[in-house]
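K.L.:
Contents of protein_1.cif (mmCIF, C-alpha atoms (C1' of nucleotides)) are given next:
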```
data_query
#
loop_
_atom_site.label_atom_id
_atom_site.label_comp_id
_atom_site.auth_asym_id
_atom_site.auth_seq_id
_atom_site.Cartn_x
_atom_site.Cartn_y
_atom_site.Cartn_z
CA MET A 16 91.14 105.22 12.11
CA THR A 17 90.29 106.54 15.58
CA ALA A 18 90.17 110.19 16.56
CA SER A 19 93.56 111.84 16.99
CA PRO A 20 94.77 112.56 20.55
CA ALA A 21 94.26 116.28 19.95
CA ASP A 22 90.59 115.72 19.08
CA THR A 23 90.12 113.58 22.16
CA GLU A 24 91.61 116.27 24.35
CA ALA A 25 89.38 118.88 22.74
CA ASP A 26 86.37 116.71 23.58
CA TRP A 27 87.48 116.72 27.21
CA LEU A 28 87.65 120.48 27.19
CA ARG A 29 84.14 120.65 25.76
CA LEU A 30 82.88 118.21 28.38
CA ASP A 31 84.58 120.22 31.08
CA ARG A 32 82.92 123.37 29.84
CA GLN A 33 79.57 121.63 30.05
CA ILE A 34 79.89 120.17 33.53
CA CYS A 35 81.54 123.07 35.28
CA PHE A 36 79.18 125.48 33.65
CA ALA A 37 76.22 123.31 34.72
CA LEU A 38 77.19 123.41 38.36
CA HIS A 39 78.17 127.05 38.30
CA ALA A 40 74.91 128.02 36.61
CA ALA A 41 72.78 125.84 38.90
CA SER A 42 74.34 127.41 41.94
CA ARG A 43 73.72 130.91 40.65
CA ALA A 44 70.17 130.09 39.53
CA PHE A 45 69.42 128.70 42.99
CA ASN A 46 70.93 131.78 44.53
CA GLY A 47 68.76 133.94 42.29
CA VAL A 48 65.52 132.23 43.31
CA TYR A 49 66.43 132.50 46.98
CA ARG A 50 67.31 136.14 46.44
CA VAL A 51 63.74 136.83 45.29
CA VAL A 52 62.08 134.77 48.04
CA LEU A 53 64.34 136.12 50.80
CA LYS A 54 63.96 139.76 49.84
CA ASP A 55 60.78 139.90 51.94
CA LEU A 56 62.78 138.74 54.96
CA GLY A 57 65.60 141.17 54.29
CA LEU A 58 68.13 138.34 54.10
CA THR A 59 70.71 137.30 51.54
CA TYR A 60 71.17 133.61 50.78
CA PRO A 61 74.31 133.14 52.93
CA GLN A 62 72.68 135.12 55.74
CA TYR A 63 69.68 132.78 55.50
CA LEU A 64 72.03 129.79 55.82
CA VAL A 65 73.46 131.27 59.01
CA MET A 66 69.98 131.92 60.42
CA LEU A 67 68.90 128.35 59.58
CA VAL A 68 71.79 127.00 61.62
CA LEU A 69 71.02 129.29 64.54
CA TRP A 70 67.29 128.46 64.48
CA GLU A 71 68.11 124.76 64.46
CA GLN A 72 70.95 124.67 66.94
CA GLY A 73 70.63 127.78 69.05
CA ASP A 74 73.41 130.21 69.93
CA LEU A 75 76.85 129.24 68.65
CA PRO A 76 80.35 130.68 68.59
CA VAL A 77 81.52 131.99 65.22
CA LYS A 78 83.96 129.09 65.05
CA LYS A 79 81.17 126.48 65.18
CA LEU A 80 79.12 128.39 62.63
CA GLY A 81 82.11 128.33 60.34
CA GLU A 82 82.53 124.58 60.72
CA GLN A 83 78.87 123.93 59.96
CA LEU A 84 78.91 126.12 56.87
CA ARG A 85 82.53 125.58 55.82
CA LEU A 86 83.10 129.34 55.92
CA ASP A 87 86.01 131.16 57.52
CA SER A 88 86.05 134.28 59.66
CA GLY A 89 86.89 136.43 56.65
CA THR A 90 83.42 135.68 55.32
CA LEU A 91 81.53 135.24 58.58
CA SER A 92 82.77 138.24 60.56
CA PRO A 93 81.31 140.91 58.28
CA LEU A 94 78.22 138.77 57.53
CA VAL A 95 77.39 138.37 61.22
CA LYS A 96 78.00 142.07 61.76
CA ARG A 97 75.40 142.82 59.11
CA LEU A 98 72.95 140.46 60.82
CA GLU A 99 73.67 142.32 64.04
CA ALA A 100 73.13 145.67 62.35
CA ALA A 101 69.76 144.31 61.14
CA GLY A 102 68.88 143.49 64.74
CA LEU A 103 68.60 139.73 64.21
CA VAL A 104 71.57 138.62 66.33
CA ARG A 105 73.89 139.86 69.06
CA ARG A 106 77.59 139.07 69.26
CA GLU A 107 79.04 138.52 72.71
CA ARG A 108 82.55 137.72 73.79
CA SER A 109 82.57 134.56 75.85
CA ALA A 110 83.45 135.16 79.49
CA GLU A 111 85.43 131.95 79.95
CA ASP A 112 87.36 132.29 76.67
CA GLU A 113 87.65 135.83 75.47
CA ARG A 114 88.92 134.77 72.07
CA SER A 115 85.51 133.30 71.31
CA VAL A 116 82.51 135.31 70.10
CA ARG A 117 79.11 133.72 70.59
CA VAL A 118 76.29 134.63 68.21
CA HIS A 119 72.89 134.93 69.95
CA LEU A 120 69.50 135.21 68.29
CA THR A 121 67.59 138.32 69.36
CA GLU A 122 63.83 138.36 69.92
CA GLU A 123 63.48 139.71 66.40
CA GLY A 124 65.79 137.06 65.00
CA THR A 125 63.78 134.33 66.69
CA ARG A 126 60.51 135.79 65.41
CA LEU A 127 61.84 135.89 61.85
CA ARG A 128 61.79 132.09 61.86
CA GLU A 129 57.99 132.12 61.70
CA ARG A 130 58.11 134.07 58.47
CA ALA A 131 60.89 131.86 57.10
CA LEU A 132 58.78 128.72 57.45
CA GLU A 133 57.16 129.32 54.10
CA VAL A 134 60.46 129.72 52.24
CA PRO A 135 61.27 126.04 51.61
CA ARG A 136 57.97 125.26 49.93
CA ARG A 137 58.22 128.29 47.69
CA ILE A 138 61.69 127.14 46.66
CA MET A 139 60.54 123.56 46.10
CA ARG A 140 57.81 124.78 43.79
CA SER A 141 60.41 126.74 41.84
CA THR A 142 62.65 123.73 41.32
CA GLY A 143 59.92 121.57 39.83
CA PHE A 144 61.58 118.64 41.63
CA ASP A 145 59.76 116.30 43.99
CA LEU A 146 61.07 115.27 47.39
CA ALA A 147 62.72 112.08 46.16
CA GLU A 148 64.55 113.88 43.39
CA ILE A 149 65.75 116.55 45.81
CA ALA A 150 67.00 113.93 48.25
CA ASP A 151 68.75 112.05 45.46
CA LEU A 152 70.40 115.18 44.11
CA ARG A 153 71.48 116.12 47.59
CA SER A 154 73.18 112.79 48.20
CA ARG A 155 75.03 113.05 44.90
CA LEU A 156 76.16 116.57 45.67
CA ASP A 157 77.28 115.58 49.16
CA ARG A 158 79.31 112.73 47.69
CA LEU A 159 80.80 115.11 45.14
CA THR A 160 81.67 117.67 47.79
CA GLY A 161 83.27 115.03 49.96
CA ALA A 162 85.42 113.77 47.10
CA LEU A 163 86.42 117.28 46.07
CA ASP A 164 87.31 118.31 49.61
CA ALA A 165 89.37 115.16 50.05
CA ALA A 166 91.17 115.83 46.76
CA ALA A 167 91.84 119.44 47.71
CA THR A 168 93.21 118.33 51.07
CA ALA A 169 95.39 115.71 49.41
CA GLN A 170 96.81 118.29 47.01
CA ALA A 171 97.43 120.75 49.82
CA ARG A 172 99.33 118.15 51.85
CA PRO A 173 100.69 115.67 49.25
CA GLY A 174 102.81 113.74 51.75
CA ASP A 175 100.08 112.94 54.28
CA MET B 23 47.69 111.87 66.33
CA THR B 24 49.94 113.15 63.50
CA ALA B 25 52.75 115.63 63.88
CA SER B 26 51.64 119.19 64.51
CA PRO B 27 51.86 121.67 61.61
CA ALA B 28 54.67 123.47 63.44
CA ASP B 29 56.77 120.30 63.55
CA THR B 30 56.14 119.64 59.88
CA GLU B 31 57.25 123.14 59.02
CA ALA B 32 60.37 122.75 61.11
CA ASP B 33 61.19 119.61 59.13
CA TRP B 34 60.91 121.60 55.95
CA LEU B 35 63.36 124.14 57.29
CA ARG B 36 65.78 121.37 58.15
CA LEU B 37 65.42 119.87 54.71
CA ASP B 38 65.94 123.26 53.14
CA ARG B 39 69.09 123.73 55.14
CA GLN B 40 70.34 120.40 53.85
CA ILE B 41 69.60 120.89 50.18
CA CYS B 42 70.64 124.49 49.81
CA PHE B 43 73.76 123.89 51.79
CA ALA B 44 74.55 120.84 49.63
CA LEU B 45 74.41 122.83 46.42
CA HIS B 46 76.19 125.82 47.90
CA ALA B 47 78.95 123.66 49.32
CA ALA B 48 79.33 121.59 46.14
CA SER B 49 79.70 124.72 44.10
CA ARG B 50 82.35 126.11 46.42
CA ALA B 51 84.18 122.79 46.66
CA PHE B 52 84.27 122.58 42.86
CA ASN B 53 85.51 126.12 42.73
CA GLY B 54 88.23 125.27 45.24
CA VAL B 55 89.55 122.32 43.23
CA TYR B 56 89.59 124.39 40.05
CA ARG B 57 91.37 127.14 41.95
CA VAL B 58 94.22 124.78 42.75
CA VAL B 59 94.43 123.28 39.26
CA LEU B 60 94.11 126.63 37.49
CA LYS B 61 96.72 128.40 39.60
CA ASP B 62 99.40 127.05 37.27
CA LEU B 63 97.63 128.70 34.35
CA GLY B 64 97.15 131.97 36.20
CA LEU B 65 93.38 131.78 35.72
CA THR B 66 90.44 131.98 38.10
CA TYR B 67 87.50 129.65 37.60
CA PRO B 68 85.24 132.23 35.89
CA GLN B 69 88.16 133.37 33.73
CA TYR B 70 88.69 129.74 32.72
CA LEU B 71 85.02 129.51 31.72
CA VAL B 72 85.47 132.55 29.47
CA MET B 73 88.62 131.09 27.92
CA LEU B 74 86.85 127.75 27.29
CA VAL B 75 84.14 129.55 25.34
CA LEU B 76 86.70 131.51 23.33
CA TRP B 77 88.81 128.41 22.56
CA GLU B 78 85.71 126.58 21.43
CA GLN B 79 83.94 129.29 19.48
CA GLY B 80 86.60 131.84 18.57
CA ASP B 81 86.37 135.59 18.97
CA LEU B 82 83.05 136.87 20.32
CA PRO B 83 81.51 140.19 21.34
CA VAL B 84 81.08 140.66 25.10
CA LYS B 85 77.33 140.39 24.59
CA LYS B 86 77.57 136.85 23.17
CA LEU B 87 79.98 135.79 25.91
CA GLY B 88 77.44 136.99 28.44
CA GLU B 89 74.64 135.00 26.84
CA GLN B 90 76.71 131.82 26.81
CA LEU B 91 77.73 132.19 30.44
CA ARG B 92 74.61 133.96 31.73
CA LEU B 93 76.77 136.82 33.03
CA ASP B 94 76.13 140.52 32.60
CA SER B 95 78.51 143.32 31.70
CA GLY B 96 78.95 144.21 35.36
CA THR B 97 80.75 140.91 35.82
CA LEU B 98 82.28 140.48 32.38
CA SER B 99 83.71 143.94 31.76
CA PRO B 100 86.25 143.87 34.60
CA LEU B 101 86.91 140.14 34.12
CA VAL B 102 87.77 140.57 30.45
CA LYS B 103 89.94 143.57 31.30
CA ARG B 104 91.91 141.37 33.68
CA LEU B 105 92.32 138.76 30.92
CA GLU B 106 93.56 141.58 28.69
CA ALA B 107 95.98 142.78 31.35
CA ALA B 108 97.28 139.20 31.53
CA GLY B 109 97.90 139.31 27.79
CA LEU B 110 95.47 136.52 26.94
CA VAL B 111 92.88 138.54 24.97
CA ARG B 112 92.46 141.84 23.19
CA ARG B 113 89.29 143.94 23.26
CA GLU B 114 88.36 145.75 20.04
CA ARG B 115 85.45 148.01 19.29
CA SER B 116 83.57 146.67 16.31
CA ALA B 117 83.86 148.93 13.24
CA GLU B 118 80.31 148.37 12.01
CA ASP B 119 78.69 148.77 15.44
CA GLU B 120 80.75 150.85 17.79
CA ARG B 121 78.65 149.85 20.78
CA SER B 122 79.98 146.33 20.49
CA VAL B 123 83.34 145.16 21.86
CA ARG B 124 84.76 141.98 20.37
CA VAL B 125 87.06 139.82 22.50
CA HIS B 126 89.96 138.31 20.54
CA LEU B 127 92.36 135.61 21.69
CA THR B 128 96.00 136.71 21.51
CA GLU B 129 98.82 134.36 20.50
CA GLU B 130 99.47 133.77 24.17
CA GLY B 131 95.79 133.13 24.87
CA THR B 132 95.64 130.59 22.06
CA ARG B 133 98.80 128.88 23.30
CA LEU B 134 97.37 128.60 26.81
CA ARG B 135 94.82 126.11 25.47
CA GLU B 136 97.56 123.49 25.11
CA ARG B 137 98.33 123.72 28.79
CA ALA B 138 94.62 123.71 29.68
CA LEU B 139 94.07 120.38 27.96
CA GLU B 140 95.14 118.50 31.07
CA VAL B 141 92.77 120.36 33.37
CA PRO B 142 89.59 118.30 32.79
CA ARG B 143 91.19 114.98 33.61
CA ARG B 144 92.75 116.34 36.78
CA ILE B 145 89.33 117.59 37.82
CA MET B 146 87.63 114.32 36.92
CA ARG B 147 90.08 112.43 39.11
CA SER B 148 89.28 114.80 41.97
CA THR B 149 85.54 114.20 41.69
CA GLY B 150 85.84 110.43 41.97
CA PHE B 151 82.91 110.28 39.53
CA ASP B 152 82.98 108.36 36.26
CA LEU B 153 81.82 109.77 32.94
CA ALA B 154 78.30 108.40 33.21
CA GLU B 155 77.80 109.85 36.68
CA ILE B 156 79.10 113.21 35.53
CA ALA B 157 76.77 113.21 32.55
CA ASP B 158 73.83 112.22 34.74
CA LEU B 159 74.58 114.90 37.30
CA ARG B 160 74.94 117.45 34.56
CA SER B 161 71.54 116.67 33.08
CA ARG B 162 69.91 116.94 36.51
CA LEU B 163 71.59 120.26 37.16
CA ASP B 164 70.61 121.59 33.75
CA ARG B 165 67.01 120.62 34.41
CA LEU B 166 67.19 122.29 37.81
CA THR B 167 68.68 125.45 36.36
CA GLY B 168 66.04 125.56 33.65
CA ALA B 169 63.23 125.23 36.16
CA LEU B 170 64.73 127.83 38.48
CA ASP B 171 65.31 130.31 35.67
CA ALA B 172 61.75 129.81 34.48
CA ALA B 173 60.43 130.33 37.99
CA ALA B 174 62.52 133.46 38.47
CA THR B 175 61.27 134.84 35.16
CA ALA B 176 57.67 134.03 36.09
CA GLN B 177 58.06 135.83 39.41
CA ALA B 178 59.67 138.84 37.77
CA ARG B 179 56.83 139.09 35.23
CA PRO B 180 53.79 137.55 36.97
CA GLY B 181 51.34 138.58 34.25
CA ASP B 182 53.13 137.09 31.24
"C1'" DC C 9 66.07 165.67 9.72
"C1'" DA C 10 64.75 165.25 14.68
"C1'" DC C 11 63.58 162.75 18.38
"C1'" DA C 12 62.28 158.80 21.09
"C1'" DA C 13 63.19 153.96 22.06
"C1'" DC C 14 66.41 150.66 22.35
"C1'" DT C 15 70.95 148.36 22.83
"C1'" DA C 16 76.01 147.35 24.29
"C1'" DA C 17 79.43 148.35 27.53
"C1'" DG C 18 80.95 150.29 31.33
"C1'" DT C 19 80.57 152.15 36.20
"C1'" DT C 20 79.18 152.16 41.03
"C1'" DG C 21 77.85 150.07 45.21
"C1'" DT C 22 76.81 145.99 48.10
"C1'" DG C 23 77.73 141.52 49.53
"C1'" DC C 24 80.09 136.92 49.38
"C1'" DA C 25 84.49 133.73 49.09
"C1'" DC C 26 88.92 133.09 50.29
"C1'" DA C 27 94.04 133.81 50.99
"C1'" DA C 28 97.16 136.08 53.91
"C1'" DT C 29 98.06 138.62 57.79
"C1'" DT C 30 97.34 140.55 62.45
"C1'" DA C 31 95.83 140.80 67.33
"C1'" DA C 32 94.56 138.99 71.43
"C1'" DA C 33 93.83 135.22 74.51
"C1'" DT C 34 94.89 130.59 76.02
"C1'" DG C 35 97.57 126.57 77.38
"C1'" DG C 36 101.63 123.80 77.78
"C1'" DC C 37 106.38 123.43 79.20
"C1'" DC C 38 110.67 124.31 81.15
"C1'" DG D 21 106.90 132.93 86.37
"C1'" DG D 22 108.36 133.47 81.52
"C1'" DC D 23 108.15 131.88 76.88
"C1'" DC D 24 106.24 129.84 72.78
"C1'" DA D 25 102.92 127.40 69.96
"C1'" DT D 26 98.11 127.29 69.19
"C1'" DT D 27 93.55 129.08 68.70
"C1'" DT D 28 89.73 132.54 67.70
"C1'" DA D 29 88.33 136.65 65.47
"C1'" DA D 30 89.05 140.38 62.79
"C1'" DT D 31 91.25 142.84 58.99
"C1'" DT D 32 93.07 143.55 54.30
"C1'" DG D 33 93.15 142.76 49.53
"C1'" DT D 34 91.52 140.47 45.21
"C1'" DG D 35 88.00 138.75 42.48
"C1'" DC D 36 83.14 137.36 41.34
"C1'" DA D 37 77.79 138.24 41.13
"C1'" DC D 38 74.38 141.27 40.46
"C1'" DA D 39 71.30 145.43 40.81
"C1'" DA D 40 70.99 150.08 39.41
"C1'" DC D 41 72.59 153.59 36.72
"C1'" DT D 42 75.31 156.04 32.97
"C1'" DT D 43 77.19 156.73 28.38
"C1'" DA D 44 77.38 156.31 23.73
"C1'" DG D 45 75.86 154.43 19.54
"C1'" DT D 46 71.95 152.63 16.69
"C1'" DT D 47 67.37 152.26 14.81
"C1'" DG D 48 62.68 153.39 13.87
"C1'" DT D 49 59.08 156.88 13.13
"C1'" DG D 50 56.89 161.00 12.19
#
```
Rewrite the structure of this file - the entire thing - as structure tokens.
P.N.:
Amino acid sequence: MTASPADTEADWLRLDRQICFALHAASRAFNGVYRVVLKDLGLTYPQYLVMLVLWEQGDLPVKKLGEQLRLDSGTLSPLVKRLEAAGLVRRERSAEDERSVRVHLTEEGTRLRERALEVPRRIMRSTGFDLAEIADLRSRLDRLTGALDAAATAQARPGD
Amino acid sequence: MTASPADTEADWLRLDRQICFALHAASRAFNGVYRVVLKDLGLTYPQYLVMLVLWEQGDLPVKKLGEQLRLDSGTLSPLVKRLEAAGLVRRERSAEDERSVRVHLTEEGTRLRERALEVPRRIMRSTGFDLAEIADLRSRLDRLTGALDAAATAQARPGD
DNA sequence: CACAACTAAGTTGTGCACAATTAAATGGCC
DNA sequence: GGCCATTTAATTGTGCACAACTTAGTTGTG
């Protein structure tokens, strides 16, 4: 006698609880560690992500920032305004296309990079993972994200 | 001549951008797929997590729910109130300890479980991962969360 | 008993995520 | 040139996460 269908389904629910909780909790735990480390810099975790992109790629329009970080203007507009209020960036309407707003690093924003250089190692120590494990986890997560995004897109436009 | 320290540090920043973005994005992508699947049930992703715990373990005080999900009353109080407004749970002050509020499933909340049984498989399909990969990812994430929580605790209480 | 220490929920304030909408600018097309 | 679809930001509204604080109930100790 095998398990009844109802039991099997219940097992799925339990498994689902485990996996979605694992990812949810990992994300929040990561966020929490960054919160502590970034407090010295006066940045939140998403603000740090924006600064990382700007440090790496230079000034960008909000649109490009959003593509890099998969965030829309509803999230980025107020976030960038807070960075501007903190004196780390300036927002400037593009002259050639006045719809576009380019985000520039200020002197202070550029200087902050020096202090941010120590962040990654402090985080690495907190994870207890070595470089190979981090890289492996990253590739799995990227694959997962890609599959999930594709699935979401497929559901949004079933006929495509 | 090896790379200068500055270059090495810059590499760390780039790596950090990659890994923290990977986890952040994976979490949001997961959230997005659940959002679509759970819309039929009228639940958000965190509300679904609460319901999963209640379906599995029966009625619980808010305190216990918070321990299971690592969420505090600031998050849970309004969330549970919304579940109550939706008719899925009732909140009742405990008679023996009037500080405690026990969350009970209503008839409707219990019935919703039947409809939720299909959720996990729809999610699994979206991930494109098989059971073994899911289990493996989960164990890595749990280990990561454990290490991060431990590190956060150590930083909060350096002398312990 | 009285009072301090602790505990469980709830409240307030800040910031992020995202859907839906709006506003302004641009570009194509007749 | 006039009109319309598209694009870029910003705004509005809902919900979650979390820190800090408040309120009310409980427990331990003198």
K.L.:
Please, which residues of chain A lie no more than 8 Å from chain D when the count uses all atoms listed in the file, and can they be set out as a short mmCIF file (atom, residue, chain, number, x, y, z; two decimals) with C-alpha atoms, in the frame of the given file?
P.N.:
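Result file selection_16.cif:
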```cif
data_model
loop_
_atom_site.label_atom_id
_atom_site.label_comp_id
_atom_site.auth_asym_id
_atom_site.auth_seq_id
_atom_site.Cartn_x
_atom_site.Cartn_y
_atom_site.Cartn_z
CA LYS A 78 83.96 129.09 65.05
CA SER A 88 86.05 134.28 59.66
CA GLY A 89 86.89 136.43 56.65
CA SER A 92 82.77 138.24 60.56
CA ARG A 114 88.92 134.77 72.07
CA SER A 115 85.51 133.30 71.31
CA VAL A 116 82.51 135.31 70.10
#
```
K.L.:
Pull out every residue of chain C that has at least one atom within 8 Å of chain B, counting only C-alpha atoms (C1' of nucleotides), and report them as a ChimeraX atom specification.
P.N.:
/C:16-18
K.L.:
So that I can check the surroundings of range 144-154 of chain B, please list as number ranges by chain every protein, DNA and RNA residue that reaches within 9 Å of it, counting all atoms listed in the file and ignoring chain neighbours fewer than 4 positions away.
P.N.:
A: 31, 158-167; B: 52, 55-56, 59, 140, 158-159
K.L.:
Write out, as a PDB file, in the frame of the given file, the residues just selected, with C-alpha atoms.
P.N.:
```pdb
ATOM      1  CA  ASP A  31      84.580 120.220  31.080  1.00  0.00           C
ATOM      2  CA  ARG A 158      79.310 112.730  47.690  1.00  0.00           C
ATOM      3  CA  LEU A 159      80.800 115.110  45.140  1.00  0.00           C
ATOM      4  CA  THR A 160      81.670 117.670  47.790  1.00  0.00           C
ATOM      5  CA  GLY A 161      83.270 115.030  49.960  1.00  0.00           C
ATOM      6  CA  ALA A 162      85.420 113.770  47.100  1.00  0.00           C
ATOM      7  CA  LEU A 163      86.420 117.280  46.070  1.00  0.00           C
ATOM      8  CA  ASP A 164      87.310 118.310  49.610  1.00  0.00           C
ATOM      9  CA  ALA A 165      89.370 115.160  50.050  1.00  0.00           C
ATOM     10  CA  ALA A 166      91.170 115.830  46.760  1.00  0.00           C
ATOM     11  CA  ALA A 167      91.840 119.440  47.710  1.00  0.00           C
TER      12      ALA A 167
ATOM     13  CA  PHE B  52      84.270 122.580  42.860  1.00  0.00           C
ATOM     14  CA  VAL B  55      89.550 122.320  43.230  1.00  0.00           C
ATOM     15  CA  TYR B  56      89.590 124.390  40.050  1.00  0.00           C
ATOM     16  CA  VAL B  59      94.430 123.280  39.260  1.00  0.00           C
ATOM     17  CA  GLU B 140      95.140 118.500  31.070  1.00  0.00           C
ATOM     18  CA  ASP B 158      73.830 112.220  34.740  1.00  0.00           C
ATOM     19  CA  LEU B 159      74.580 114.900  37.300  1.00  0.00           C
TER      20      LEU B 159
END
```
K.L.:
Fewer than 5 positions away in the same chain doesn't count, so skip those; otherwise give me all residues within 8 Å of Thr66 in chain B, counting all atoms listed in the file, as a PyMOL selection string.
P.N.:
chain B and resi 56-57+60-61
K.L.:
Could you give me, as CSV, every range 17-37 of chain C residue with an atom at most 12 Å from range 61-65 of chain A, plus its closest atom pair and distance in Å to one decimal, counting only C-alpha atoms (C1' of nucleotides), rows ordered by chain then number?
P.N.:
```
residue,atom,partner,partner_atom,distance
C:DG23,C1',A:Pro61,CA,9.7
C:DC24,C1',A:Pro61,CA,7.8
C:DA25,C1',A:Pro61,CA,10.9
```
K.L.:
Write out as number ranges by chain which residues come within 9 Å of Arg29 in chain A when counting only C-alpha atoms (C1' of nucleotides), dropping same-chain ones fewer than 3 positions away.
P.N.:
A: 24-26, 32-34; B: 74-75, 78
K.L.:
Of the candidates A:Leu120, A:Gly73, A:Ser109, A:Leu84, which one gets nearest to chain B if we count only C-alpha atoms?
P.N.:
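Of A:Leu120, A:Gly73, A:Ser109, A:Leu84, the one nearest chain B is A:Leu84, counting only C-alpha atoms.
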K.L.:
Please write the residues picked by the PyMOL selection byres ((chain A and resi 121-131) around 7) on this file as an MDAnalysis selection string.
P.N.:
chainID A and resid 102:105 119:120 132:134
K.L.:
Rebuild N, CA and C atoms on range 115-131 of chain A, as a PDB file, in the frame of the given file?
P.N.:
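The resulting file, part02.pdb, is shown below:
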```pdb
ATOM      1  N   SER A 115      86.721 133.797  71.969  1.00  0.00           N
ATOM      2  CA  SER A 115      85.510 133.300  71.310  1.00  0.00           C
ATOM      3  C   SER A 115      84.379 134.327  71.327  1.00  0.00           C
ATOM      4  N   VAL A 116      83.676 134.436  70.208  1.00  0.00           N
ATOM      5  CA  VAL A 116      82.510 135.310  70.100  1.00  0.00           C
ATOM      6  C   VAL A 116      81.277 134.462  69.833  1.00  0.00           C
ATOM      7  N   ARG A 117      80.322 134.518  70.743  1.00  0.00           N
ATOM      8  CA  ARG A 117      79.110 133.720  70.590  1.00  0.00           C
ATOM      9  C   ARG A 117      78.033 134.554  69.913  1.00  0.00           C
ATOM     10  N   VAL A 118      77.350 133.942  68.938  1.00  0.00           N
ATOM     11  CA  VAL A 118      76.290 134.630  68.210  1.00  0.00           C
ATOM     12  C   VAL A 118      74.947 134.211  68.807  1.00  0.00           C
ATOM     13  N   HIS A 119      74.199 135.175  69.340  1.00  0.00           N
ATOM     14  CA  HIS A 119      72.890 134.930  69.950  1.00  0.00           C
ATOM     15  C   HIS A 119      71.786 135.437  69.036  1.00  0.00           C
ATOM     16  N   LEU A 120      70.691 134.696  68.960  1.00  0.00           N
ATOM     17  CA  LEU A 120      69.500 135.210  68.290  1.00  0.00           C
ATOM     18  C   LEU A 120      68.856 136.255  69.186  1.00  0.00           C
ATOM     19  N   THR A 121      68.400 137.357  68.612  1.00  0.00           N
ATOM     20  CA  THR A 121      67.590 138.320  69.360  1.00  0.00           C
ATOM     21  C   THR A 121      66.134 137.878  69.282  1.00  0.00           C
ATOM     22  N   GLU A 122      65.278 138.571  70.045  1.00  0.00           N
ATOM     23  CA  GLU A 122      63.830 138.360  69.920  1.00  0.00           C
ATOM     24  C   GLU A 122      63.412 138.414  68.455  1.00  0.00           C
ATOM     25  N   GLU A 123      63.862 139.488  67.792  1.00  0.00           N
ATOM     26  CA  GLU A 123      63.480 139.710  66.400  1.00  0.00           C
ATOM     27  C   GLU A 123      63.994 138.580  65.509  1.00  0.00           C
ATOM     28  N   GLY A 124      65.223 138.149  65.770  1.00  0.00           N
ATOM     29  CA  GLY A 124      65.790 137.060  65.000  1.00  0.00           C
ATOM     30  C   GLY A 124      65.002 135.775  65.183  1.00  0.00           C
ATOM     31  N   THR A 125      64.573 135.521  66.398  1.00  0.00           N
ATOM     32  CA  THR A 125      63.780 134.330  66.690  1.00  0.00           C
ATOM     33  C   THR A 125      62.409 134.412  65.997  1.00  0.00           C
ATOM     34  N   ARG A 126      61.814 135.608  66.057  1.00  0.00           N
ATOM     35  CA  ARG A 126      60.510 135.790  65.410  1.00  0.00           C
ATOM     36  C   ARG A 126      60.574 135.585  63.912  1.00  0.00           C
ATOM     37  N   LEU A 127      61.712 135.977  63.314  1.00  0.00           N
ATOM     38  CA  LEU A 127      61.840 135.890  61.850  1.00  0.00           C
ATOM     39  C   LEU A 127      61.644 134.456  61.362  1.00  0.00           C
ATOM     40  N   ARG A 128      61.936 133.493  62.242  1.00  0.00           N
ATOM     41  CA  ARG A 128      61.790 132.090  61.860  1.00  0.00           C
ATOM     42  C   ARG A 128      60.373 131.769  61.390  1.00  0.00           C
ATOM     43  N   GLU A 129      59.394 132.370  62.073  1.00  0.00           N
ATOM     44  CA  GLU A 129      57.990 132.120  61.700  1.00  0.00           C
ATOM     45  C   GLU A 129      57.755 132.478  60.233  1.00  0.00           C
ATOM     46  N   ARG A 130      58.319 133.619  59.849  1.00  0.00           N
ATOM     47  CA  ARG A 130      58.110 134.070  58.470  1.00  0.00           C
ATOM     48  C   ARG A 130      58.933 133.247  57.482  1.00  0.00           C
ATOM     49  N   ALA A 131      60.021 132.643  57.981  1.00  0.00           N
ATOM     50  CA  ALA A 131      60.890 131.860  57.100  1.00  0.00           C
ATOM     51  C   ALA A 131      60.307 130.490  56.796  1.00  0.00           C
TER      52      ALA A 131
END
```
